[in-house]
Amino acid sequence: GGAGSGGSGGSGVVVEVEGHGREALGGVDLSRTVGWFTAAHPVRLDVGGVDVGAVVSGGVAAGELLKVVKEQVRAVPGDGLGFGLLRYLHPEAGAVLAGLGRPVIGFNYLGRFAGGSRRGPVSAWQP
């Protein structure tokens, strides 16, 4: 199937990645802006070279899966900004992309937030 059916093409799956939309772009200073800028773009993840059955038990296979997915997500140019520009602002590409539908799997990454008590200094990656 295509992107609208979850994108199961071979061993791949299309996931819609949603983020906070405040990525730095060309030196633009976002520190004085307010509001929430949600950005979403599709990413095809192909784990064909990983023994997915062995991932459940952890170890080397789980690490390999994490590495493969991380590399595929990082390979998306401009954190997916180009997708939104093409999909919603380009008259020809927008029509083609609209016809593909949306992935049925979504992943929302909002960044890192402090956990636990809000007293005292915040350290990175608190539980």
# chains A, B, ... in the order shown; residues from 1 in each chain; ligands from 1

call {"tool": "residues_around", "arguments": {"residues": "A:Gly106", "least_positions_apart": "4", "cutoff": "10 Å", "atoms": "only C-alpha atoms", "output": "list of chain:residue names"}}
result
A:Gly6, A:Val14, A:Val15, A:Glu16, A:Val17, A:Glu18, A:Ala40, A:His41, A:Pro42, A:Arg102

call {"tool": "residues_around", "arguments": {"residues": "A:Gly84", "least_positions_apart": "5", "cutoff": "12 Å", "atoms": "only C-alpha atoms", "output": "MDAnalysis selection string"}}
result
chainID A and resid 18 21 38:42 78:79 89:90 93:94 97:98

call {"tool": "residues_around", "arguments": {"residues": "A:Leu45", "least_positions_apart": "6", "cutoff": "7 Å", "atoms": "only C-alpha atoms", "output": "list in words"}}
result
Gly12, Val13, Val14, Val69 and Gln72 of chain A
